[in-house]
$ cat structure20.pdb   # PDB, C-alpha atoms
ATOM      1  CA  MET A   1      22.730   1.883  -1.573
ATOM      2  CA  PRO A   2      25.498   0.797  -3.947
ATOM      3  CA  SER A   3      28.077   3.368  -4.976
ATOM      4  CA  ARG A   4      27.328   5.229  -8.184
ATOM      5  CA  SER A   5      31.006   4.831  -9.113
ATOM      6  CA  HIS A   6      30.345   1.134  -9.775
ATOM      7  CA  ARG A   7      27.732   1.889 -12.393
ATOM      8  CA  THR A   8      27.943  -0.134 -15.596
ATOM      9  CA  THR A   9      28.120   2.090 -18.683
ATOM     10  CA  LEU A  10      26.944   1.542 -22.244
ATOM     11  CA  ALA A  11      30.591   1.553 -23.279
ATOM     12  CA  THR A  12      31.229  -1.442 -21.003
ATOM     13  CA  VAL A  13      28.368  -3.387 -22.558
ATOM     14  CA  ALA A  14      29.398  -2.378 -26.083
ATOM     15  CA  ALA A  15      33.014  -3.490 -25.516
ATOM     16  CA  SER A  16      31.935  -6.892 -24.212
ATOM     17  CA  ALA A  17      29.679  -7.335 -27.258
ATOM     18  CA  GLY A  18      32.290  -6.107 -29.731
ATOM     19  CA  LEU A  19      29.838  -3.478 -30.974
ATOM     20  CA  SER A  20      29.617   0.291 -31.062
ATOM     21  CA  VAL A  21      27.957   2.270 -28.296
ATOM     22  CA  ALA A  22      25.498   3.549 -30.925
ATOM     23  CA  THR A  23      24.317  -0.005 -31.701
ATOM     24  CA  VAL A  24      23.839  -0.854 -28.015
ATOM     25  CA  SER A  25      21.935   2.417 -27.574
ATOM     26  CA  LYS A  26      19.614   1.475 -30.443
ATOM     27  CA  VAL A  27      18.790  -1.828 -28.726
ATOM     28  CA  LEU A  28      18.220  -0.076 -25.422
ATOM     29  CA  ASN A  29      15.804   2.377 -27.024
ATOM     30  CA  GLY A  30      13.881  -0.265 -28.977
ATOM     31  CA  ARG A  31      15.020   0.791 -32.432
ATOM     32  CA  SER A  32      14.085  -1.602 -35.246
ATOM     33  CA  ASP A  33      17.236  -1.201 -37.367
ATOM     34  CA  VAL A  34      19.243  -3.861 -35.470
ATOM     35  CA  ALA A  35      19.605  -7.496 -36.542
ATOM     36  CA  PRO A  36      17.616  -9.935 -34.324
ATOM     37  CA  ALA A  37      20.729 -11.917 -33.348
ATOM     38  CA  THR A  38      22.583  -8.741 -32.386
ATOM     39  CA  ARG A  39      19.580  -7.470 -30.435
ATOM     40  CA  SER A  40      19.337 -10.754 -28.501
ATOM     41  CA  ARG A  41      23.070 -10.726 -27.674
ATOM     42  CA  VAL A  42      22.978  -7.116 -26.474
ATOM     43  CA  GLN A  43      19.875  -7.703 -24.353
ATOM     44  CA  SER A  44      21.555 -10.670 -22.681
ATOM     45  CA  LEU A  45      24.654  -8.601 -21.948
ATOM     46  CA  LEU A  46      22.590  -5.736 -20.540
ATOM     47  CA  VAL A  47      21.080  -8.186 -18.044
ATOM     48  CA  GLU A  48      24.434  -9.875 -17.351
ATOM     49  CA  HIS A  49      26.136  -6.553 -16.581
ATOM     50  CA  GLY A  50      23.161  -5.227 -14.638
ATOM     51  CA  TYR A  51      23.044  -2.090 -16.751
ATOM     52  CA  ILE A  52      20.543   0.492 -15.487
ATOM     53  CA  PRO A  53      20.126   3.753 -17.438
ATOM     54  CA  ARG A  54      19.513   7.055 -15.741
ATOM     55  CA  LEU A  55      16.267   8.887 -16.330
ATOM     56  CA  SER A  56      16.945  11.194 -19.286
ATOM     57  CA  HIS A  57      15.359  14.520 -20.140
ATOM     58  CA  ARG A  58      13.778  12.800 -23.140
ATOM     59  CA  ASN A  59      12.084  10.321 -20.833
ATOM     60  CA  GLN A  60      10.814  13.174 -18.680
ATOM     61  CA  ALA A  61       8.965  14.944 -21.470
ATOM     62  CA  ALA A  62       5.519  15.854 -20.180
ATOM     63  CA  GLY A  63       3.692  14.161 -23.042
ATOM     64  CA  SER A  64       5.203  10.708 -22.376
ATOM     65  CA  ALA A  65       5.815  10.769 -18.609
ATOM     66  CA  THR A  66       4.293   8.029 -16.479
ATOM     67  CA  VAL A  67       4.379   6.962 -12.847
ATOM     68  CA  GLU A  68       4.268   3.245 -12.069
ATOM     69  CA  VAL A  69       2.200   1.938  -9.151
ATOM     70  CA  TRP A  70       3.143  -1.422  -7.669
ATOM     71  CA  VAL A  71       0.509  -3.486  -5.883
ATOM     72  CA  ASP A  72       0.902  -6.836  -4.165
ATOM     73  CA  GLY A  73      -1.938  -9.285  -4.651
ATOM     74  CA  LYS A  74      -5.511  -8.527  -5.653
ATOM     75  CA  LEU A  75      -6.933  -5.068  -6.254
ATOM     76  CA  SER A  76      -9.070  -4.688  -3.144
ATOM     77  CA  ALA A  77     -11.591  -1.899  -2.580
ATOM     78  CA  TYR A  78      -8.936  -0.228  -0.409
ATOM     79  CA  ALA A  79      -6.271  -0.341  -3.140
ATOM     80  CA  THR A  80      -8.700   0.746  -5.833
ATOM     81  CA  GLU A  81      -9.576   3.962  -3.981
ATOM     82  CA  ILE A  82      -5.907   4.899  -3.592
ATOM     83  CA  ILE A  83      -5.229   4.201  -7.267
ATOM     84  CA  LYS A  84      -8.205   6.396  -8.226
ATOM     85  CA  GLY A  85      -6.597   9.239  -6.279
ATOM     86  CA  ALA A  86      -3.247   8.711  -7.984
ATOM     87  CA  ILE A  87      -4.914   8.728 -11.419
ATOM     88  CA  GLU A  88      -6.816  11.914 -10.583
ATOM     89  CA  ALA A  89      -3.609  13.670  -9.507
ATOM     90  CA  GLY A  90      -1.869  12.302 -12.588
ATOM     91  CA  ASP A  91      -4.540  13.809 -14.825
ATOM     92  CA  GLU A  92      -3.933  17.198 -13.194
ATOM     93  CA  SER A  93      -0.208  16.946 -13.971
ATOM     94  CA  GLU A  94      -0.632  15.337 -17.408
ATOM     95  CA  VAL A  95       1.147  12.232 -16.159
ATOM     96  CA  ALA A  96      -0.131   8.728 -16.879
ATOM     97  CA  VAL A  97      -0.422   6.108 -14.140
ATOM     98  CA  VAL A  98       0.458   2.473 -14.851
ATOM     99  CA  VAL A  99      -0.533  -0.228 -12.340
ATOM    100  CA  THR A 100       1.395  -3.490 -12.124
ATOM    101  CA  HIS A 101       2.341  -6.191  -9.630
ATOM    102  CA  LEU A 102       5.360  -5.962  -7.343
ATOM    103  CA  LYS A 103       8.433  -7.478  -8.944
ATOM    104  CA  SER A 104       9.932 -10.417  -7.041
ATOM    105  CA  GLY A 105      13.515 -11.627  -6.769
ATOM    106  CA  ASN A 106      16.789  -9.768  -7.189
ATOM    107  CA  ASP A 107      16.761  -9.406 -10.995
ATOM    108  CA  THR A 108      16.690  -5.640 -11.561
ATOM    109  CA  SER A 109      16.565  -5.617 -15.370
ATOM    110  CA  TRP A 110      12.977  -4.361 -15.100
ATOM    111  CA  VAL A 111      14.349  -0.979 -13.941
ATOM    112  CA  ARG A 112      15.946  -0.504 -17.355
ATOM    113  CA  ASP A 113      12.565  -1.141 -18.961
ATOM    114  CA  LEU A 114      10.916   1.425 -16.651
ATOM    115  CA  VAL A 115      13.393   4.132 -17.583
ATOM    116  CA  THR A 116      13.161   3.343 -21.298
ATOM    117  CA  ALA A 117       9.357   3.514 -21.052
ATOM    118  CA  GLY A 118       9.579   7.012 -19.558
ATOM    119  CA  ARG A 119       8.623   6.318 -15.947
ATOM    120  CA  ARG A 120       9.183   9.357 -13.743
ATOM    121  CA  ALA A 121       8.772   7.643 -10.373
ATOM    122  CA  MET A 122       7.441   4.605  -8.516
ATOM    123  CA  ILE A 123       4.619   4.292  -5.989
ATOM    124  CA  THR A 124       4.219   1.068  -4.006
ATOM    125  CA  LEU A 125       0.877   0.302  -2.407
ATOM    126  CA  ALA A 126       0.736  -1.844   0.749
ATOM    127  CA  CYS A 127       3.868  -3.721  -0.297
ATOM    128  CA  GLU A 128       7.528  -3.246   0.432
ATOM    129  CA  PRO A 129      10.305  -2.670  -2.105
ATOM    130  CA  THR A 130      13.324  -4.841  -1.254
ATOM    131  CA  ALA A 131      16.854  -3.557  -0.739
ATOM    132  CA  ALA A 132      17.656  -4.725  -4.299
ATOM    133  CA  HIS A 133      14.643  -2.802  -5.624
ATOM    134  CA  LEU A 134      15.663   0.376  -3.808
ATOM    135  CA  ALA A 135      19.296   0.117  -4.900
ATOM    136  CA  ALA A 136      18.358  -0.344  -8.567
ATOM    137  CA  LEU A 137      15.828   2.488  -8.496
ATOM    138  CA  SER A 138      18.386   4.755  -6.810
ATOM    139  CA  LEU A 139      20.931   4.058  -9.550
ATOM    140  CA  ALA A 140      18.305   4.916 -12.129
ATOM    141  CA  GLN A 141      17.391   8.058 -10.162
ATOM    142  CA  LEU A 142      13.770   6.930 -10.001
ATOM    143  CA  PRO A 143      12.219   8.117  -6.707
ATOM    144  CA  VAL A 144       9.930   5.821  -4.701
ATOM    145  CA  VAL A 145       6.940   6.705  -2.522
ATOM    146  CA  VAL A 146       5.455   3.950  -0.341
ATOM    147  CA  VAL A 147       1.756   4.161   0.522
ATOM    148  CA  ASP A 148       0.811   2.632   3.870
ATOM    149  CA  PRO A 149       4.134   0.805   4.409
ATOM    150  CA  MET A 150       3.644  -2.705   5.754
ATOM    151  CA  ASN A 151       6.743  -2.596   7.959
ATOM    152  CA  PRO A 152       8.866   0.155   9.490
ATOM    153  CA  PRO A 153      11.455   1.056   6.817
ATOM    154  CA  VAL A 154      14.984  -0.292   7.260
ATOM    155  CA  THR A 155      16.330   2.452   4.970
ATOM    156  CA  PRO A 156      15.134   6.039   4.592
ATOM    157  CA  MET A 157      12.259   6.281   2.138
ATOM    158  CA  THR A 158       9.303   8.537   1.535
ATOM    159  CA  SER A 159       5.907   7.249   2.611
ATOM    160  CA  VAL A 160       2.259   8.298   2.869
ATOM    161  CA  GLY A 161      -0.163   6.911   5.429
ATOM    162  CA  SER A 162      -2.920   7.854   7.844
ATOM    163  CA  THR A 163      -3.273   8.358  11.593
ATOM    164  CA  ASN A 164      -3.802   4.669  12.340
ATOM    165  CA  PHE A 165      -3.320   4.932  16.110
ATOM    166  CA  ALA A 166      -5.849   7.761  16.381
ATOM    167  CA  GLY A 167      -8.280   5.775  14.240
ATOM    168  CA  GLY A 168      -8.006   2.706  16.449
ATOM    169  CA  LEU A 169      -8.417   4.864  19.526
ATOM    170  CA  SER A 170     -11.573   6.602  18.273
ATOM    171  CA  ALA A 171     -13.189   3.340  17.090
ATOM    172  CA  THR A 172     -12.701   1.697  20.471
ATOM    173  CA  GLN A 173     -13.752   4.780  22.419
ATOM    174  CA  HIS A 174     -16.974   4.806  20.385
ATOM    175  CA  LEU A 175     -17.768   1.227  21.411
ATOM    176  CA  LEU A 176     -16.861   1.945  25.040
ATOM    177  CA  ALA A 177     -19.156   5.002  25.034
ATOM    178  CA  LEU A 178     -21.975   2.711  23.878
ATOM    179  CA  GLY A 179     -21.468   0.665  27.032
ATOM    180  CA  HIS A 180     -19.563  -2.286  25.560
ATOM    181  CA  ARG A 181     -16.857  -3.881  27.675
ATOM    182  CA  ARG A 182     -16.298  -7.183  25.857
ATOM    183  CA  ILE A 183     -14.669  -5.594  22.821
ATOM    184  CA  ALA A 184     -12.436  -7.683  20.567
ATOM    185  CA  TYR A 185      -9.845  -6.591  18.019
ATOM    186  CA  LEU A 186      -9.970  -8.477  14.723
ATOM    187  CA  GLY A 187      -6.567  -7.544  13.336
ATOM    188  CA  GLY A 188      -4.340  -7.810  10.290
ATOM    189  CA  PRO A 189      -0.843  -9.273   9.875
ATOM    190  CA  ALA A 190       0.968  -9.198  13.211
ATOM    191  CA  ASP A 191       4.027  -7.397  11.831
ATOM    192  CA  ALA A 192       2.201  -4.854   9.649
ATOM    193  CA  ALA A 193       2.872  -1.316  10.853
ATOM    194  CA  SER A 194      -0.706  -0.134  10.253
ATOM    195  CA  ASN A 195      -2.133  -3.125  12.133
ATOM    196  CA  GLN A 196       0.217  -2.506  15.058
ATOM    197  CA  ALA A 197      -0.806   1.154  15.259
ATOM    198  CA  ARG A 198      -4.545   0.383  15.115
ATOM    199  CA  MET A 199      -4.155  -2.320  17.760
ATOM    200  CA  GLN A 200      -2.216   0.033  20.031
ATOM    201  CA  GLY A 201      -4.999   2.590  19.662
ATOM    202  CA  TYR A 202      -7.490  -0.109  20.672
ATOM    203  CA  ARG A 203      -5.394  -1.130  23.679
ATOM    204  CA  ALA A 204      -4.870   2.479  24.767
ATOM    205  CA  ALA A 205      -8.620   3.134  24.789
ATOM    206  CA  MET A 206      -9.320  -0.052  26.730
ATOM    207  CA  GLU A 207      -6.570   0.663  29.271
ATOM    208  CA  THR A 208      -7.705   4.256  29.787
ATOM    209  CA  ALA A 209     -11.241   2.996  30.435
ATOM    210  CA  GLY A 210      -9.898   0.403  32.898
ATOM    211  CA  VAL A 211     -11.268  -2.486  30.838
ATOM    212  CA  PRO A 212      -9.051  -5.588  30.727
ATOM    213  CA  VAL A 213      -8.314  -7.205  27.361
ATOM    214  CA  PRO A 214      -8.324 -11.036  27.424
ATOM    215  CA  PRO A 215      -5.516 -12.369  25.196
ATOM    216  CA  GLU A 216      -8.028 -14.325  23.132
ATOM    217  CA  TYR A 217      -9.812 -11.077  22.224
ATOM    218  CA  VAL A 218      -6.898  -9.903  20.068
ATOM    219  CA  ARG A 219      -6.653 -11.748  16.748
ATOM    220  CA  THR A 220      -4.160 -11.265  13.909
ATOM    221  CA  ALA A 221      -4.513 -12.612  10.375
ATOM    222  CA  GLY A 222      -4.889 -10.374   7.323
ATOM    223  CA  PHE A 223      -6.812  -7.468   5.842
ATOM    224  CA  CYS A 224      -9.117  -9.381   3.468
ATOM    225  CA  TYR A 225     -12.563 -10.958   3.816
ATOM    226  CA  PRO A 226     -11.390 -14.595   4.134
ATOM    227  CA  ASP A 227      -9.006 -13.590   6.939
ATOM    228  CA  GLY A 228     -11.854 -11.951   8.773
ATOM    229  CA  VAL A 229     -14.097 -15.012   8.450
ATOM    230  CA  GLY A 230     -11.636 -17.341  10.155
ATOM    231  CA  GLU A 231     -10.836 -14.992  13.021
ATOM    232  CA  ALA A 232     -14.477 -14.003  13.570
ATOM    233  CA  ILE A 233     -15.375 -17.682  13.928
ATOM    234  CA  ALA A 234     -12.654 -18.046  16.553
ATOM    235  CA  LEU A 235     -13.948 -15.017  18.460
ATOM    236  CA  LEU A 236     -17.586 -16.100  18.444
ATOM    237  CA  ASP A 237     -16.592 -19.634  19.490
ATOM    238  CA  LEU A 238     -15.180 -18.310  22.781
ATOM    239  CA  PRO A 239     -16.999 -19.272  26.003
ATOM    240  CA  SER A 240     -17.496 -15.554  26.617
ATOM    241  CA  PRO A 241     -17.695 -14.047  23.119
ATOM    242  CA  PRO A 242     -17.407 -10.294  22.548
ATOM    243  CA  THR A 243     -20.429  -8.040  22.261
ATOM    244  CA  ALA A 244     -18.490  -5.741  19.933
ATOM    245  CA  VAL A 245     -15.705  -6.137  17.374
ATOM    246  CA  PHE A 246     -13.337  -3.517  16.042
ATOM    247  CA  ALA A 247     -11.915  -4.842  12.769
ATOM    248  CA  VAL A 248      -8.706  -3.794  11.035
ATOM    249  CA  SER A 249     -10.479  -3.259   7.688
ATOM    250  CA  ASP A 250     -13.954  -2.943   6.210
ATOM    251  CA  GLU A 251     -13.578  -6.358   4.554
ATOM    252  CA  CYS A 252     -12.800  -8.016   7.893
ATOM    253  CA  ALA A 253     -15.653  -6.147   9.568
ATOM    254  CA  ILE A 254     -18.150  -7.335   6.955
ATOM    255  CA  ALA A 255     -16.781 -10.863   7.332
ATOM    256  CA  ALA A 256     -17.480 -10.669  11.068
ATOM    257  CA  MET A 257     -21.012  -9.480  10.380
ATOM    258  CA  GLN A 258     -21.650 -12.406   8.042
ATOM    259  CA  VAL A 259     -20.250 -14.951  10.504
ATOM    260  CA  ALA A 260     -22.514 -13.513  13.191
ATOM    261  CA  ARG A 261     -25.569 -13.698  10.940
ATOM    262  CA  ASN A 262     -24.803 -17.313  10.098
ATOM    263  CA  ARG A 263     -25.124 -18.038  13.830
ATOM    264  CA  GLY A 264     -28.443 -16.264  14.125
ATOM    265  CA  LEU A 265     -27.004 -13.132  15.726
ATOM    266  CA  ARG A 266     -28.390  -9.714  14.855
ATOM    267  CA  ILE A 267     -26.235  -6.759  13.839
ATOM    268  CA  PRO A 268     -26.041  -4.518  15.826
ATOM    269  CA  GLU A 269     -28.463  -5.749  18.496
ATOM    270  CA  ASP A 270     -26.380  -8.814  19.417
ATOM    271  CA  LEU A 271     -22.995  -7.742  18.036
ATOM    272  CA  SER A 272     -21.730  -4.265  17.225
ATOM    273  CA  VAL A 273     -19.077  -4.033  14.519
ATOM    274  CA  VAL A 274     -16.730  -1.200  13.552
ATOM    275  CA  GLY A 275     -14.432  -1.340  10.528
ATOM    276  CA  PHE A 276     -11.528   0.672   9.168
ATOM    277  CA  ASP A 277     -11.042   2.308   5.721
ATOM    278  CA  ASP A 278     -14.532   3.544   4.722
ATOM    279  CA  THR A 279     -14.403   2.033   1.264
ATOM    280  CA  GLU A 280     -17.503   1.871  -0.950
ATOM    281  CA  ILE A 281     -18.472  -1.515   0.493
ATOM    282  CA  ALA A 282     -19.091   0.101   3.904
ATOM    283  CA  THR A 283     -22.351   1.552   2.582
ATOM    284  CA  MET A 284     -23.299  -1.477   0.475
ATOM    285  CA  THR A 285     -23.883  -3.808   3.402
ATOM    286  CA  SER A 286     -26.965  -3.974   5.604
ATOM    287  CA  PRO A 287     -26.784  -2.475   8.110
ATOM    288  CA  GLN A 288     -24.342   0.101   6.816
ATOM    289  CA  LEU A 289     -20.972  -0.124   8.496
ATOM    290  CA  THR A 290     -19.680   2.176  11.198
ATOM    291  CA  THR A 291     -16.030   2.612  10.290
ATOM    292  CA  VAL A 292     -12.910   4.731  10.557
ATOM    293  CA  ARG A 293     -12.466   6.711   7.376
ATOM    294  CA  GLN A 294      -9.024   6.742   5.843
ATOM    295  CA  PRO A 295      -8.756   9.467   3.179
ATOM    296  CA  LEU A 296      -7.729   6.815   0.655
ATOM    297  CA  ARG A 297      -8.217   8.845  -2.503
ATOM    298  CA  GLU A 298      -6.352  11.774  -0.957
ATOM    299  CA  MET A 299      -3.520   9.412   0.024
ATOM    300  CA  GLY A 300      -3.168   8.376  -3.606
ATOM    301  CA  MET A 301      -3.161  11.989  -4.738
ATOM    302  CA  VAL A 302      -0.535  13.007  -2.187
ATOM    303  CA  ALA A 303       1.631  10.028  -3.139
ATOM    304  CA  LEU A 304       1.536  10.940  -6.836
ATOM    305  CA  ARG A 305       2.261  14.618  -6.234
ATOM    306  CA  THR A 306       5.085  13.772  -3.832
ATOM    307  CA  ALA A 307       6.605  11.340  -6.338
ATOM    308  CA  LEU A 308       6.581  14.049  -9.019
ATOM    309  CA  ARG A 309       8.163  16.557  -6.654
ATOM    310  CA  LEU A 310      10.949  14.107  -5.912
ATOM    311  CA  ALA A 311      11.398  13.391  -9.626
ATOM    312  CA  SER A 312      11.801  17.122 -10.226
ATOM    313  CA  GLY A 313      14.535  17.333  -7.590
ATOM    314  CA  GLU A 314      12.455  19.233  -5.039
ATOM    315  CA  LYS A 315      13.148  18.884  -1.335
ATOM    316  CA  ILE A 316      10.126  17.704   0.624
ATOM    317  CA  GLU A 317       9.278  18.813   4.147
ATOM    318  CA  SER A 318       8.906  15.309   5.636
ATOM    319  CA  HIS A 319       9.724  11.770   4.533
ATOM    320  CA  HIS A 320       6.507  10.479   6.128
ATOM    321  CA  ILE A 321       3.156  12.143   5.502
ATOM    322  CA  GLU A 322       0.138  11.205   7.645
ATOM    323  CA  LEU A 323      -3.407  12.210   6.741
ATOM    324  CA  ALA A 324      -6.116  12.377   9.400
ATOM    325  CA  THR A 325      -8.638   9.593   9.980
ATOM    326  CA  GLU A 326     -12.241  10.173  11.029
ATOM    327  CA  LEU A 327     -14.853   7.953  12.696
ATOM    328  CA  VAL A 328     -18.002   7.621  10.560
ATOM    329  CA  ILE A 329     -20.936   6.370  12.644
ATOM    330  CA  ARG A 330     -23.580   4.416  10.744
ATOM    331  CA  GLU A 331     -25.872   1.516  11.694
ATOM    332  CA  SER A 332     -23.635  -1.409  12.664
ATOM    333  CA  SER A 333     -22.919  -0.177  16.201
ATOM    334  CA  LEU A 334     -25.482   0.110  19.000
ATOM    335  CA  ALA A 335     -25.562   0.564  22.764
ATOM    336  CA  ALA A 336     -24.904  -2.573  24.762
TER     337      ALA A 336
END

$ encode --input "structure20.pdb" --output "structure tokens"
Amino acid sequence: MPSRSHRTTLATVAASAGLSVATVSKVLNGRSDVAPATRSRVQSLLVEHGYIPRLSHRNQAAGSATVEVWVDGKLSAYATEIIKGAIEAGDESEVAVVVTHLKSGNDTSWVRDLVTAGRRAMITLACEPTAAHLAALSLAQLPVVVVDPMNPPVTPMTSVGSTNFAGGLSATQHLLALGHRRIAYLGGPADAASNQARMQGYRAAMETAGVPVPPEYVRTAGFCYPDGVGEAIALLDLPSPPTAVFAVSDECAIAAMQVARNRGLRIPEDLSVVGFDDTEIATMTSPQLTTVRQPLREMGMVALRTALRLASGEKIESHHIELATELVIRESSLAA
């Protein structure tokens, strides 16, 4: 984190513009009584100097406080459930929740806009804030909570997740108990922390049962439906295809089911499938999906409440909070 002693002040910006601090403050706060040319010049200098205001008591007034949620990519069923939880917790605290896309690049002028708009804190969902993001947010004294961090953090930060290893273990043990031995893992991004934990749970269950895992049975791609389609095709093209698939997400599991159906296979008679997440789509498919339930809505609620605690200066008990997963057995898994 950069030193707070190097912080650019309003006086610095005002001096470089040849204006009073009061005029620069008016621009910063969106006042209308500033000439357009002056406003443009001040805004350019604010960006040039990298000015980032601290969160003021005015910004923190309960009636105008908001928490910003960053997402990366499309709003999947998984992300939507977490956001619902954050909104519910926000309603309880009379705090609004704003959802936007992760900012790219090293330009940190957006932090100034967040503070001016009254943001109390940031939540990132399945995406990683960069070092530049974290430094700018630290200067602005805006706390960050990461939900389901994609990679192990390189700097200390607060995060909320679930027991991914235990979930992967229970999913695989379920398939083993049904008599399956040719069990494949249809995984997410190779370097994603949640994918790694679920895969290790899968491997631990297989090793404990004394069942070897052929290298071609472990696939890594992504968490979304199209990723699952490609990897499921590769698995079912094998000379000795699996009789069961444990997928890293519900979307990938449903993709595997569709690929199997396209080949004339029956679910679960010819191929058992277990997913991960327990989003709404798990009960919308036929047969309904056996899956590992992540408490997604609760994760969003915990993230929002934790962010507000940090914004209020409270000390939290742990910088990483894990909520328990649970295997939900439905119709897509059957004895071998």

$ atom_distance --input "structure20.pdb" --atom1 "atom CA of A:Gln294" --atom2 "atom CA of A:Leu186"
17.6 Å

$ closest_residue --input "structure20.pdb" --among "A:Ser109, A:Leu334, A:Ala232, A:Leu19" --to "A:Asn262" --atoms "only C-alpha atoms"
A:Ala232

$ closest_residue --input "structure20.pdb" --among "A:Val111, A:Cys224, A:Ala197, A:His49" --to "A:Lys74" --atoms "only C-alpha atoms"
A:Cys224

$ residues_around --input "structure20.pdb" --residues "A:Glu326" --least-positions-apart "2" --cutoff "9 Å" --atoms "only C-alpha atoms" --output "list of chain:residue names"
A:Ala166, A:Gly167, A:Ser170, A:Thr291, A:Val292, A:Arg293, A:Gln294, A:Pro295, A:Ala324, A:Val328

$ resolve_selection --input "structure20.pdb" --expression "the PyMOL selection byres ((chain A and resi 77) around 9)" --output "ChimeraX atom specification"
/A:75-76,78-82,251,279-281

$ atom_distance --input "structure20.pdb" --atom1 "atom CA of A:Val34" --atom2 "atom CA of A:Val115"
20.4 Å

$ resolve_selection --input "structure20.pdb" --expression "the PyMOL selection byres ((chain A and resi 301) around 7)" --output "list in words"
Gly85, Ala86, Glu88, Ala89, Arg297, Glu298, Met299, Gly300, Val302, Ala303, Leu304 and Arg305 of chain A

$ resolve_selection --input "structure20.pdb" --expression "the PyMOL selection byres ((chain A and resi 73) around 12)" --output "PyMOL selection string"
chain A and resi 70-72+74-76+79+99-103+125-127+223-224

$ write_last_selection --input "structure20.pdb" --atoms "C-alpha atoms" --output "tab-separated table (two decimals), keeping the file's coordinate frame"
chain	number	residue	atom	x	y	z
A	70	TRP	CA	3.14	-1.42	-7.67
A	71	VAL	CA	0.51	-3.49	-5.88
A	72	ASP	CA	0.90	-6.84	-4.16
A	74	LYS	CA	-5.51	-8.53	-5.65
A	75	LEU	CA	-6.93	-5.07	-6.25
A	76	SER	CA	-9.07	-4.69	-3.14
A	79	ALA	CA	-6.27	-0.34	-3.14
A	99	VAL	CA	-0.53	-0.23	-12.34
A	100	THR	CA	1.40	-3.49	-12.12
A	101	HIS	CA	2.34	-6.19	-9.63
A	102	LEU	CA	5.36	-5.96	-7.34
A	103	LYS	CA	8.43	-7.48	-8.94
A	125	LEU	CA	0.88	0.30	-2.41
A	126	ALA	CA	0.74	-1.84	0.75
A	127	CYS	CA	3.87	-3.72	-0.30
A	223	PHE	CA	-6.81	-7.47	5.84
A	224	CYS	CA	-9.12	-9.38	3.47

$ residues_around --input "structure20.pdb" --residues "A:Thr12" --least-positions-apart "4" --cutoff "10 Å" --atoms "all atoms listed in the file" --output "PyMOL selection string"
chain A and resi 7-8+16-18+21+45-46+49+51

$ axis_aligned_box --input "structure20.pdb" --around "stretch 123-137 of chain A" --padding-each-side "3 Å" --output "AutoDock Vina command-line options"
--center_x 10.0 --center_y -0.3 --center_z -3.9 --size_x 24.6 --size_y 15.1 --size_z 15.3

$ atom_distance --input "structure20.pdb" --atom1 "atom CA of A:Ala204" --atom2 "atom CA of A:Ala256"
22.8 Å

$ closest_residue --input "structure20.pdb" --among "A:Leu323, A:Val274, A:Leu175, A:Leu310" --to "A:Asp148" --atoms "only C-alpha atoms"
A:Leu323

$ closest_residue --input "structure20.pdb" --among "A:Thr158, A:Pro239, A:Leu327, A:Ser286" --to "A:Gln173" --atoms "only C-alpha atoms"
A:Leu327

$ closest_residue --input "structure20.pdb" --among "A:Ser93, A:Gln196, A:Ser25, A:Thr172" --to "A:Thr290" --atoms "all atoms listed in the file"
A:Thr172

$ closest_residue --input "structure20.pdb" --among "A:Ala193, A:Leu289, A:Val259, A:Ile267" --to "A:Pro149" --atoms "all atoms listed in the file"
A:Ala193

$ residues_around --input "structure20.pdb" --residues "stretch 39-41 of chain A" --least-positions-apart "2" --cutoff "12 Å" --atoms "only C-alpha atoms" --output "list of chain:residue names"
A:Val13, A:Ala14, A:Ser16, A:Ala17, A:Gly18, A:Leu19, A:Thr23, A:Val24, A:Ser25, A:Lys26, A:Val27, A:Leu28, A:Asn29, A:Gly30, A:Arg31, A:Ser32, A:Asp33, A:Val34, A:Ala35, A:Pro36, A:Ala37, A:Gln43, A:Ser44, A:Leu45, A:Leu46, A:Val47, A:Glu48

$ residues_around --input "structure20.pdb" --residues "A:Arg119" --least-positions-apart "2" --cutoff "7 Å" --atoms "only C-alpha atoms" --output "list of chain:residue names"
A:Ala65, A:Thr66, A:Val67, A:Glu68, A:Leu114, A:Val115, A:Ala117, A:Ala121

$ residues_around --input "structure20.pdb" --residues "stretch 248-250 of chain A" --least-positions-apart "2" --cutoff "7 Å" --atoms "only C-alpha atoms" --output "VMD selection string"
chain A and resid 186 to 188 195 223 246 252 to 254 275 to 278 282
